[in-house]
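Colleague: Here you go, structure_33.txt (compact mmCIF, C-alpha atoms):
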# COMPACT_ATOMS: atom_id res chain seq x y z
CA MET R 1153 130.93 117.50 31.00
CA ASN R 1154 134.40 118.83 30.44
CA ASN R 1155 133.79 121.91 32.57
CA TYR R 1156 132.65 119.83 35.51
CA LEU R 1157 135.77 117.69 35.25
CA VAL R 1158 138.08 120.70 35.10
CA PHE R 1159 136.36 122.20 38.12
CA ALA R 1160 136.63 118.92 40.04
CA VAL R 1161 140.31 118.47 39.25
CA VAL R 1162 141.29 122.05 40.11
CA ALA R 1163 139.24 121.99 43.31
CA GLN R 1164 140.82 118.70 44.33
CA TRP R 1165 144.37 119.93 43.82
CA VAL R 1166 143.66 122.98 45.95
CA LEU R 1167 142.09 120.92 48.71
CA ILE R 1168 144.87 118.30 48.61
CA ALA R 1169 147.44 121.05 48.97
CA LEU R 1170 145.60 122.44 52.00
CA LEU R 1171 145.36 118.93 53.45
CA ALA R 1172 149.11 118.49 53.11
CA VAL R 1173 149.75 121.76 54.94
CA LEU R 1174 147.33 120.69 57.66
CA MET R 1175 149.11 117.34 58.10
CA LEU R 1176 152.43 119.11 58.42
CA GLY R 1177 151.00 121.22 61.21
CA LEU R 1178 149.41 118.17 62.86
CA PHE R 1179 152.60 116.12 62.94
CA ARG R 1180 154.51 119.09 64.27
CA GLN R 1181 152.03 119.44 67.13
CA ILE R 1182 152.30 115.73 67.90
CA GLY R 1183 156.07 116.03 67.99
CA ILE R 1184 155.92 118.93 70.40
CA LEU R 1185 153.53 117.06 72.67
CA HIS R 1186 155.79 114.01 72.62
CA GLU R 1187 158.74 116.09 73.72
CA ARG R 1188 156.98 117.99 76.40
CA LEU R 1189 154.75 115.46 78.08
CA PRO R 1190 156.89 113.33 80.38
CA SER R 1191 155.98 109.70 80.86
CA SER R 1192 154.73 108.81 84.30
CA GLY R 1193 157.04 106.94 86.61
CA ALA R 1194 156.73 105.20 89.97
CA LEU R 1195 156.34 107.75 92.74
CA SER R 1196 159.52 107.60 94.73
CA LEU R 1197 158.79 108.35 98.37
CA SER R 1198 161.52 109.14 100.86
CA GLY R 1199 162.35 106.83 103.72
CA GLY R 1200 164.25 103.59 104.04
CA LEU R 1201 167.20 102.58 101.90
CA ARG R 1202 168.05 104.94 99.09
CA PRO R 1203 168.68 103.83 95.49
CA GLY R 1204 172.31 102.92 95.01
CA GLU R 1205 172.68 101.71 98.58
CA GLU R 1206 173.42 98.11 99.37
CA VAL R 1207 170.65 95.95 100.72
CA ALA R 1208 172.15 93.88 103.50
CA ALA R 1209 171.49 90.20 102.99
CA ALA R 1210 168.91 88.75 105.31
CA SER R 1211 166.93 85.54 105.47
CA TYR R 1212 163.16 85.65 105.33
CA ALA R 1213 160.52 82.97 105.75
CA THR R 1214 157.86 82.65 103.10
CA LEU R 1215 154.22 81.77 103.66
CA GLN R 1216 154.92 78.49 101.89
CA GLY R 1217 157.54 77.60 104.52
CA GLN R 1218 160.75 78.23 102.60
CA ASN R 1219 163.63 80.48 103.54
CA LEU R 1220 164.72 83.14 101.11
CA THR R 1221 167.73 85.43 101.10
CA ILE R 1222 166.92 88.97 100.06
CA GLY R 1223 169.80 91.40 99.64
CA GLY R 1224 173.47 90.85 99.03
CA ALA R 1225 174.87 89.53 95.75
CA SER R 1226 172.35 87.14 94.23
CA GLU R 1227 173.19 83.46 93.85
CA ASP R 1228 171.73 83.03 90.39
CA GLY R 1229 172.71 86.40 88.92
CA ARG R 1230 169.14 87.61 88.76
CA ALA R 1231 167.74 90.88 90.00
CA THR R 1232 164.94 90.81 92.57
CA LEU R 1233 161.61 92.54 92.08
CA LEU R 1234 159.84 93.00 95.39
CA PHE R 1235 156.10 93.65 95.14
CA PHE R 1236 154.60 94.86 98.41
CA VAL R 1237 150.89 94.08 98.69
CA SER R 1238 148.18 93.65 101.25
CA PRO R 1239 144.99 91.56 101.31
CA THR R 1240 143.03 94.72 102.07
CA CYS R 1241 144.47 96.84 99.25
CA PRO R 1242 142.25 96.93 96.14
CA MET R 1243 144.85 98.70 93.99
CA CYS R 1244 147.31 95.90 94.81
CA LYS R 1245 144.78 93.42 93.51
CA SER R 1246 144.39 95.28 90.23
CA MET R 1247 148.16 95.60 89.83
CA LEU R 1248 148.72 91.85 90.31
CA PRO R 1249 148.06 90.77 86.70
CA THR R 1250 150.43 93.45 85.42
CA VAL R 1251 153.26 92.63 87.82
CA LEU R 1252 152.87 88.86 87.48
CA GLY R 1253 152.81 89.19 83.71
CA MET R 1254 155.99 91.24 83.73
CA ALA R 1255 157.65 88.79 86.10
CA ASN R 1256 156.82 85.89 83.82
CA ARG R 1257 158.30 87.72 80.86
CA LEU R 1258 161.43 88.78 82.72
CA GLY R 1259 161.89 85.48 84.57
CA ARG R 1260 165.35 84.92 83.13
CA THR R 1261 166.80 88.11 84.53
CA THR R 1262 164.55 88.93 87.44
CA ARG R 1263 162.89 86.94 90.22
CA LEU R 1264 159.62 88.14 91.71
CA ILE R 1265 159.04 88.06 95.46
CA LEU R 1266 155.74 89.19 96.93
CA ALA R 1267 155.91 90.87 100.30
CA SER R 1268 153.36 91.75 102.89
CA ASP R 1269 152.85 91.50 106.62
CA GLY R 1270 150.14 90.68 109.10
CA ASP R 1271 147.36 88.19 109.60
CA VAL R 1272 148.47 84.81 108.20
CA PRO R 1273 144.95 83.43 107.49
CA LEU R 1274 144.10 86.62 105.58
CA GLN R 1275 147.31 86.27 103.56
CA GLN R 1276 146.54 82.63 102.78
CA ARG R 1277 143.08 83.57 101.60
CA MET R 1278 144.61 86.21 99.35
CA VAL R 1279 147.02 83.67 97.87
CA GLU R 1280 144.14 81.31 97.17
CA ARG R 1281 141.89 83.99 95.76
CA GLU R 1282 144.46 85.52 93.45
CA GLY R 1283 146.23 82.30 92.48
CA LEU R 1284 149.61 83.31 93.88
CA ASP R 1285 150.76 79.78 94.76
CA GLY R 1286 153.68 79.85 92.37
CA TYR R 1287 155.23 82.98 93.87
CA PRO R 1288 157.09 83.28 97.18
CA LEU R 1289 155.28 85.51 99.65
CA VAL R 1290 157.42 86.93 102.43
CA LEU R 1291 155.67 88.24 105.53
CA SER R 1292 157.96 90.73 107.20
CA MET R 1293 157.35 94.14 108.65
CA GLU R 1294 161.10 94.60 108.94
CA LEU R 1295 161.59 94.24 105.18
CA GLY R 1296 158.95 96.88 104.54
CA ARG R 1297 160.56 99.23 107.06
CA LYS R 1298 164.01 98.62 105.65
CA LEU R 1299 162.86 99.71 102.22
CA GLY R 1300 160.70 102.55 103.47
CA VAL R 1301 157.41 101.15 102.25
CA ALA R 1302 154.74 103.53 103.49
CA LYS R 1303 151.99 103.16 100.87
CA LEU R 1304 150.81 100.30 98.73
CA PRO R 1305 151.14 98.96 96.10
CA TYR R 1306 154.91 99.40 96.29
CA VAL R 1307 157.62 97.94 94.12
CA ALA R 1308 161.36 97.78 94.81
CA LEU R 1309 163.97 96.57 92.35
CA ILE R 1310 167.19 95.12 93.80
CA GLY R 1311 170.02 94.51 91.35
CA ALA R 1312 171.93 91.24 91.07
CA ASP R 1313 174.77 92.93 92.95
CA GLY R 1314 172.53 93.50 95.97
CA ARG R 1315 172.17 97.24 95.49
CA LEU R 1316 168.78 98.92 95.48
CA VAL R 1317 168.15 100.12 91.92
CA ALA R 1318 164.84 101.89 92.29
CA LYS R 1319 161.61 101.78 94.24
CA GLY R 1320 158.29 103.54 94.30
CA LEU R 1321 154.54 103.61 94.54
CA VAL R 1322 152.93 102.10 91.43
CA ASN R 1323 149.47 102.49 89.99
CA ASN R 1324 149.94 101.18 86.47
CA ARG R 1325 152.22 99.25 84.15
CA GLU R 1326 154.13 102.34 83.09
CA HIS R 1327 155.11 102.98 86.70
CA VAL R 1328 156.52 99.47 87.11
CA GLU R 1329 158.34 99.64 83.80
CA SER R 1330 159.90 102.92 84.87
CA LEU R 1331 161.84 101.02 87.53
CA PHE R 1332 163.42 98.81 84.88
CA GLU R 1333 164.04 101.89 82.75
CA ALA R 1334 165.80 103.42 85.73
CA GLN R 1335 167.95 100.31 85.89
CA ARG R 1336 168.75 100.61 82.22
CA LEU R 1337 169.54 104.30 82.37
CA GLY R 1338 171.45 104.22 85.61
CA VAL R 1339 169.25 106.73 87.41
CA SER R 1340 167.34 106.23 90.62
CA SER R 1341 163.92 107.57 89.61
CA LEU R 1342 162.00 109.45 86.97
CA GLN R 1343 162.22 112.60 89.08
CA ASP R 1344 165.99 112.14 89.17
CA TYR R 1345 166.13 111.60 85.40
CA LEU R 1346 164.05 114.69 84.63
CA ALA R 1347 166.15 116.78 86.99
CA GLN R 1348 169.30 115.61 85.22
CA GLN R 1349 167.78 116.44 81.83
CA ARG R 1350 166.85 119.95 82.91
CA SER R 1351 170.25 120.77 84.29
CA ALA R 1352 171.99 119.34 81.22
CA MET X 155 132.11 127.37 32.93
CA ILE X 156 134.62 126.87 35.70
CA GLY X 157 133.80 130.25 37.14
CA PRO X 158 130.13 129.67 37.95
CA LEU X 159 130.87 126.40 39.73
CA VAL X 160 133.51 128.05 41.90
CA ILE X 161 131.06 130.82 42.70
CA LEU X 162 128.39 128.26 43.59
CA ALA X 163 130.83 126.44 45.87
CA GLY X 164 131.72 129.75 47.51
CA GLN X 165 128.04 130.60 47.96
CA LEU X 166 127.27 127.30 49.61
CA GLY X 167 130.35 127.43 51.82
CA PHE X 168 129.62 130.91 53.10
CA ALA X 169 125.96 129.99 53.47
CA ALA X 170 126.93 127.11 55.76
CA LEU X 171 129.19 129.41 57.77
CA PHE X 172 126.52 132.07 58.27
CA LEU X 173 123.65 129.69 58.93
CA ALA X 174 125.66 127.83 61.59
CA SER X 175 126.66 131.16 63.11
CA ALA X 176 123.12 132.54 62.99
CA THR X 177 121.52 129.47 64.57
CA THR X 178 124.03 129.56 67.43
CA LYS X 179 123.22 133.20 68.07
CA ILE X 180 119.47 132.69 67.84
CA ALA X 181 119.63 129.66 70.14
CA ARG X 182 121.54 131.62 72.79
CA PRO X 183 120.41 135.25 72.40
CA ARG X 184 121.51 136.35 75.87
CA GLN X 185 125.01 134.98 75.37
CA PHE X 186 125.36 136.75 72.03
CA ALA X 187 124.05 140.01 73.48
CA ALA X 188 126.70 139.68 76.18
CA THR X 189 129.33 139.15 73.50
CA VAL X 190 128.22 142.26 71.63
CA ASP X 191 128.31 144.19 74.87
CA SER X 192 131.80 142.93 75.68
CA TYR X 193 133.17 144.44 72.49
CA MET X 194 132.41 147.91 73.88
CA LEU X 195 131.64 149.39 70.48
CA VAL X 196 127.93 149.92 70.88
CA PRO X 197 126.25 152.16 73.47
CA ALA X 198 124.45 150.13 76.15
CA PRO X 199 120.83 150.82 75.10
CA LEU X 200 121.62 149.68 71.54
CA VAL X 201 123.30 146.37 72.49
CA VAL X 202 120.19 144.18 72.32
CA PRO X 203 118.81 145.72 69.08
CA VAL X 204 122.23 145.37 67.45
CA ALA X 205 122.51 141.75 68.59
CA VAL X 206 119.07 140.96 67.21
CA ALA X 207 119.85 142.78 63.96
CA LEU X 208 123.13 140.92 63.48
CA SER X 209 121.53 137.53 64.13
CA GLY X 210 118.78 138.32 61.65
CA LEU X 211 121.24 139.66 59.08
CA GLU X 212 123.37 136.51 59.23
CA LEU X 213 120.29 134.31 58.85
CA LEU X 214 119.05 136.28 55.83
CA LEU X 215 122.51 136.31 54.28
CA GLY X 216 122.84 132.56 54.73
CA LEU X 217 119.47 131.95 53.10
CA ALA X 218 120.26 134.38 50.27
CA LEU X 219 123.55 132.63 49.52
CA LEU X 220 121.75 129.29 49.45
CA GLY X 221 119.55 130.65 46.69
CA VAL X 222 116.39 130.53 48.78
CA LEU X 223 115.86 134.29 48.58
CA PRO X 224 115.58 136.26 45.32
CA VAL X 225 119.08 137.74 45.60
CA LEU X 226 121.80 137.58 42.98
CA PRO X 227 124.78 135.44 44.01
CA GLN X 228 127.13 138.33 43.31
CA SER X 229 125.20 140.63 45.63
CA GLY X 230 125.08 137.96 48.32
CA LEU X 231 128.82 137.42 48.09
CA ALA X 232 129.57 141.13 48.14
CA ALA X 233 127.38 141.54 51.24
CA THR X 234 129.23 138.59 52.80
CA GLY X 235 132.52 140.35 52.22
CA VAL X 236 131.23 143.52 53.83
CA VAL X 237 129.90 141.70 56.90
CA LEU X 238 133.17 139.81 57.34
CA LEU X 239 135.13 143.06 57.09
CA VAL X 240 132.90 144.78 59.63
CA TYR X 241 133.35 141.86 62.06
CA GLY X 242 137.08 141.94 61.39
CA LEU X 243 137.18 145.64 62.12
CA ALA X 244 135.31 145.14 65.41
CA MET X 245 137.86 142.49 66.40
CA ALA X 246 140.80 144.57 65.22
CA ILE X 247 139.73 147.55 67.32
CA ASN X 248 139.58 145.37 70.41
CA VAL X 249 142.84 143.59 69.66
CA ALA X 250 144.42 147.03 69.32
CA ARG X 251 142.92 147.94 72.68
CA GLY X 252 144.69 144.90 74.02
CA ARG X 253 141.45 143.17 74.91
CA THR X 254 142.26 139.75 73.50
CA GLY X 255 140.25 137.81 76.08
CA LEU X 256 137.04 138.33 74.11
CA GLY X 257 135.29 135.43 72.43
CA CYS X 258 134.97 135.75 68.69
CA GLY X 259 131.23 135.17 68.62
CA CYS X 260 131.76 132.87 65.68
CA SER X 261 129.78 129.92 64.51
CA GLY X 262 129.55 126.68 66.43
CA PHE X 263 132.12 124.95 64.23
CA GLY X 264 134.77 124.76 66.90
CA LYS X 265 133.85 123.55 70.37
CA ALA X 266 135.21 126.37 72.45
CA GLU X 267 134.78 130.05 71.75
CA ALA X 268 138.06 131.06 70.23
CA PRO X 269 139.59 134.23 71.67
CA ILE X 270 140.12 137.07 69.22
CA SER X 271 143.60 137.68 67.92
CA ARG X 272 145.48 139.15 64.98
CA ALA X 273 145.26 135.78 63.27
CA MET X 274 141.48 135.93 63.55
CA VAL X 275 141.34 139.37 62.00
CA ALA X 276 143.58 138.12 59.19
CA ARG X 277 141.26 135.16 58.68
CA ASN X 278 138.28 137.49 58.30
CA VAL X 279 140.15 139.70 55.83
CA LEU X 280 141.15 136.68 53.76
CA LEU X 281 137.61 135.31 53.71
CA ALA X 282 136.27 138.73 52.78
CA ALA X 283 138.78 138.97 49.95
CA LEU X 284 137.63 135.57 48.73
CA ALA X 285 133.99 136.65 48.88
CA PHE X 286 134.70 139.85 46.95
CA ALA X 287 136.74 137.96 44.34
CA LEU X 288 133.89 135.54 43.80
CA SER X 289 131.33 138.32 43.65
CA SER X 290 133.03 139.79 40.61
CA GLY X 291 132.70 136.61 38.57
CA GLU X 292 130.20 135.46 36.00
CA ALA X 293 127.54 133.34 37.66
CA GLY X 294 125.81 132.05 34.54
CA LEU X 295 125.28 128.38 35.36
CA GLN X 296 124.84 126.22 32.33
CA GLY X 297 123.46 122.75 32.29
CA PRO X 298 121.19 121.06 34.81
CA LEU X 299 121.08 122.67 38.24
CA TRP X 300 121.31 119.36 40.11
CA LEU X 301 124.60 118.57 38.36
CA ALA X 302 126.01 121.93 39.35
CA TYR X 303 125.07 121.36 42.99
CA LEU X 304 126.40 117.79 42.83
CA SER X 305 129.76 119.06 41.61
CA ALA X 306 129.98 121.91 44.08
CA ALA X 307 128.77 120.02 47.18
CA PRO X 308 131.85 117.79 47.78
CA ALA X 309 134.17 120.75 47.32
CA VAL X 310 132.16 122.71 49.87
CA LEU X 311 132.02 119.83 52.37
CA VAL X 312 135.74 119.14 52.23
CA SER X 313 136.52 122.86 52.46
CA LEU X 314 134.38 123.19 55.58
CA LEU X 315 136.10 120.15 57.14
CA LEU X 316 139.49 121.64 56.38
CA TYR X 317 138.34 124.96 57.83
CA ALA X 318 137.31 123.24 61.06
CA ALA X 319 140.60 121.33 61.13
CA PHE X 320 142.69 124.46 60.72
CA SER X 321 140.63 126.17 63.43
CA GLN X 322 141.31 123.28 65.80
CA HIS X 323 145.01 123.36 64.91
CA HIS X 324 145.02 127.04 65.78
CA THR X 325 143.30 126.39 69.10
CA ASN X 326 145.82 123.64 69.89
CA ARG X 327 148.69 126.09 69.50
CA ALA X 328 147.39 128.00 72.51
CA LEU X 329 147.03 124.75 74.50
CA LEU X 330 150.55 123.65 73.57
CA GLY X 331 151.87 126.96 74.77
CA ALA X 332 150.62 126.02 78.21
CA THR X 333 152.77 122.88 78.40
CA GLN X 334 156.25 123.01 79.76
CA ARG X 335 159.08 123.50 77.35
Would you write the structure of this file as structure tokens?
Modeller:
Amino acid sequence: MNNYLVFAVVAQWVLIALLAVLMLGLFRQIGILHERLPSSGALSLSGGLRPGEEVAAASYATLQGQNLTIGGASEDGRATLLFFVSPTCPMCKSMLPTVLGMANRLGRTTRLILASDGDVPLQQRMVEREGLDGYPLVLSMELGRKLGVAKLPYVALIGADGRLVAKGLVNNREHVESLFEAQRLGVSSLQDYLAQQRSA
Amino acid sequence: MIGPLVILAGQLGFAALFLASATTKIARPRQFAATVDSYMLVPAPLVVPVAVALSGLELLLGLALLGVLPVLPQSGLAATGVVLLVYGLAMAINVARGRTGLGCGCSGFGKAEAPISRAMVARNVLLAALAFALSSGEAGLQGPLWLAYLSAAPAVLVSLLLYAAFSQHHTNRALLGATQR
């Protein structure tokens, strides 16, 4: 019996030691991956106002019949998150829960405005279908042009001071969050941030 | 009595290695023949016979180490060491030639065929050294055979898992090298 026990104990110490070495190597590889794999950010396309520039205040009519001011210093000190969608854009539909959820969480500091343009009946059907009654929907081609919205779904973040913080094409939560990260870090886009890191 | 149990564990471990390797080669004979050919150590007409011989040798060695064939454990382990050294030499020659794109022709423990490298040659040398060290021991198992196998089996299983894990870690290093610094 004793011999079996001695064998078991010695074998286990050897294997535990090897396990520890393996874990060291594993964690090191995870660390390297973490450093080297950049997070994904909203795809910043060129065109329209550039981040840092002031968005001139303008009044827009919403589908619900109100008038909203977008641009210029905000009245209630909140930033404005513009979410450009379209009734015929399936990706926009899948992004809705994410963006609405974020807006609800950030309601104190950021107001959400949906933006689109085109066929009013189609827009109304979209609002009904997706349950967007509680959110202002602005229909304006001019707003889209001003911000250089070429592809959807598109998000633009305008600071409380009326300056464009960041904008870009979004396909997932991480992309949208990157805009708020940009606000926090004082850069205009992930591409910008990475470029700064590399030259530093 | 520690010695014999360690030897048994070594036998079973190497047996698993060779049987896995042999079954892979026998299941894909053309692929293995191509591997042998790629090493450029055997004249063309002998490639297929050598491939067949190696597959058969690994199978027999695996069975011998398991205790299925009437071969002494020490002899089986010594033969294991020799085979590992010969494979290591074949790899070393090609690494020296700079031909590191070759697959190692190893067992199916990893998913991808690992390319040969100095580390691989070192691994073979180490394993061969282990086999030779074990072959010089006293294999007189005392007590019931089932208890001996029961004691050795977990050690063998965990060792094989660790072996696979280290192999994967080694493969990852090459993949990490491809990412941007």
Colleague: Residues of chain X that approach chain R to 12 Å or less, counting only C-alpha atoms: could you list each one with the shortest pair of atoms and its distance in Å to one decimal, rows by chain and increasing residue number, as a tab-separated table?
Modeller:
residue	atom	partner	partner_atom	distance
X:Met155	CA	R:Asn1155	CA	5.7
X:Ile156	CA	R:Phe1159	CA	5.5
X:Gly157	CA	R:Phe1159	CA	8.5
X:Pro158	CA	R:Phe1159	CA	9.7
X:Leu159	CA	R:Phe1159	CA	7.1
X:Val160	CA	R:Phe1159	CA	7.5
X:Ile161	CA	R:Phe1159	CA	11.1
X:Leu162	CA	R:Phe1159	CA	11.4
X:Ala163	CA	R:Ala1163	CA	9.9
X:Gly164	CA	R:Ala1163	CA	11.6
X:Leu295	CA	R:Asn1155	CA	11.0
X:Gln296	CA	R:Asn1155	CA	9.9
X:Gly297	CA	R:Met1153	CA	9.2
X:Pro298	CA	R:Met1153	CA	11.0
X:Leu301	CA	R:Tyr1156	CA	8.6
X:Ala302	CA	R:Tyr1156	CA	8.0
X:Tyr303	CA	R:Tyr1156	CA	10.8
X:Leu304	CA	R:Tyr1156	CA	9.8
X:Ser305	CA	R:Tyr1156	CA	6.8
X:Ala306	CA	R:Ala1160	CA	8.3
X:Ala307	CA	R:Ala1160	CA	10.7
X:Pro308	CA	R:Ala1160	CA	9.2
X:Ala309	CA	R:Ala1163	CA	6.6
X:Val310	CA	R:Ala1163	CA	9.7
X:Leu311	CA	R:Leu1167	CA	10.8
X:Val312	CA	R:Leu1167	CA	7.5
X:Ser313	CA	R:Leu1167	CA	7.0
X:Leu314	CA	R:Leu1167	CA	10.6
X:Leu315	CA	R:Leu1171	CA	10.0
X:Leu316	CA	R:Leu1171	CA	7.1
X:Tyr317	CA	R:Leu1170	CA	9.6
X:Ala318	CA	R:Leu1174	CA	10.9
X:Ala319	CA	R:Leu1174	CA	7.6
X:Phe320	CA	R:Leu1174	CA	6.7
X:Ser321	CA	R:Leu1174	CA	10.4
X:Gln322	CA	R:Leu1178	CA	10.0
X:His323	CA	R:Leu1178	CA	7.1
X:His324	CA	R:Gly1177	CA	9.5
X:Thr325	CA	R:Gln1181	CA	11.3
X:Asn326	CA	R:Gln1181	CA	8.0
X:Arg327	CA	R:Gln1181	CA	7.8
X:Ala328	CA	R:Gln1181	CA	11.1
X:Leu329	CA	R:Leu1185	CA	10.2
X:Leu330	CA	R:Leu1185	CA	7.3
X:Gly331	CA	R:Ile1184	CA	10.0
X:Ala332	CA	R:Arg1188	CA	10.4
X:Thr333	CA	R:Arg1188	CA	6.8
X:Gln334	CA	R:Arg1188	CA	6.1
X:Arg335	CA	R:Arg1188	CA	6.0
Colleague: Of the candidates R:Asn1323, R:Thr1232, R:Gln1348, R:Asn1219, which shows the shortest atom-to-atom distance to Lys1303 in chain R, using only C-alpha atoms?
Modeller: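 Result for the nearest residue to Lys1303 in chain R: R:Asn1323.
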Colleague: What does the structure give for the distance between CA of Val1290 in chain R and CA of Ile1265 in chain R, in Å to one decimal?
Modeller: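 One can read the CA of Val1290 in chain R to CA of Ile1265 in chain R distance as 7.2 Å.
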Colleague: Pick the closest to Arg1277 in chain R from R:Gly1259, R:Pro1239, R:Gly1253, R:Gly1311: which is it, counting only C-alpha atoms?
Modeller: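 Residue with the minimum atom-to-atom distance to Arg1277 in chain R: R:Pro1239.
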Colleague: Considering all atoms listed in the file, return as an MDAnalysis selection string whatever protein or nucleic-acid residues lie within 7 Å of Leu1304 in chain R, sequence-local ones (same chain, fewer than 4 positions apart) excluded.
Modeller: chainID R and resid 1236:1237 1244 1321
Colleague: Interatomic distance between CA of Ala285 in chain X and CA of Leu217 in chain X?
Modeller: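 Between these atoms lies a distance of 15.8 Å.
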Colleague: As an exercise, work out the distance from CA of Val202 in chain X to CA of Met274 in chain X in Å and give it to one decimal place.
Modeller: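 Atom-to-atom, CA of Val202 in chain X to CA of Met274 in chain X, that is 24.5 Å.
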Colleague: Could you give me, as a ChimeraX atom specification, the residues within 12 Å of Gly1300 in chain R, counting all atoms listed in the file and dropping anything in the same chain fewer than 4 positions from it?
Modeller: /R:1196-1203,1236,1293-1296,1304,1306-1308,1316,1318-1321
Colleague: Nearest to Leu1258 in chain R among R:Glu1227, R:Ala1169, R:Phe1332, R:Asp1271, with distances taken over all atoms listed in the file: which residue is it?
Modeller: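 For Leu1258 in chain R, the nearest of the given residues is R:Phe1332.
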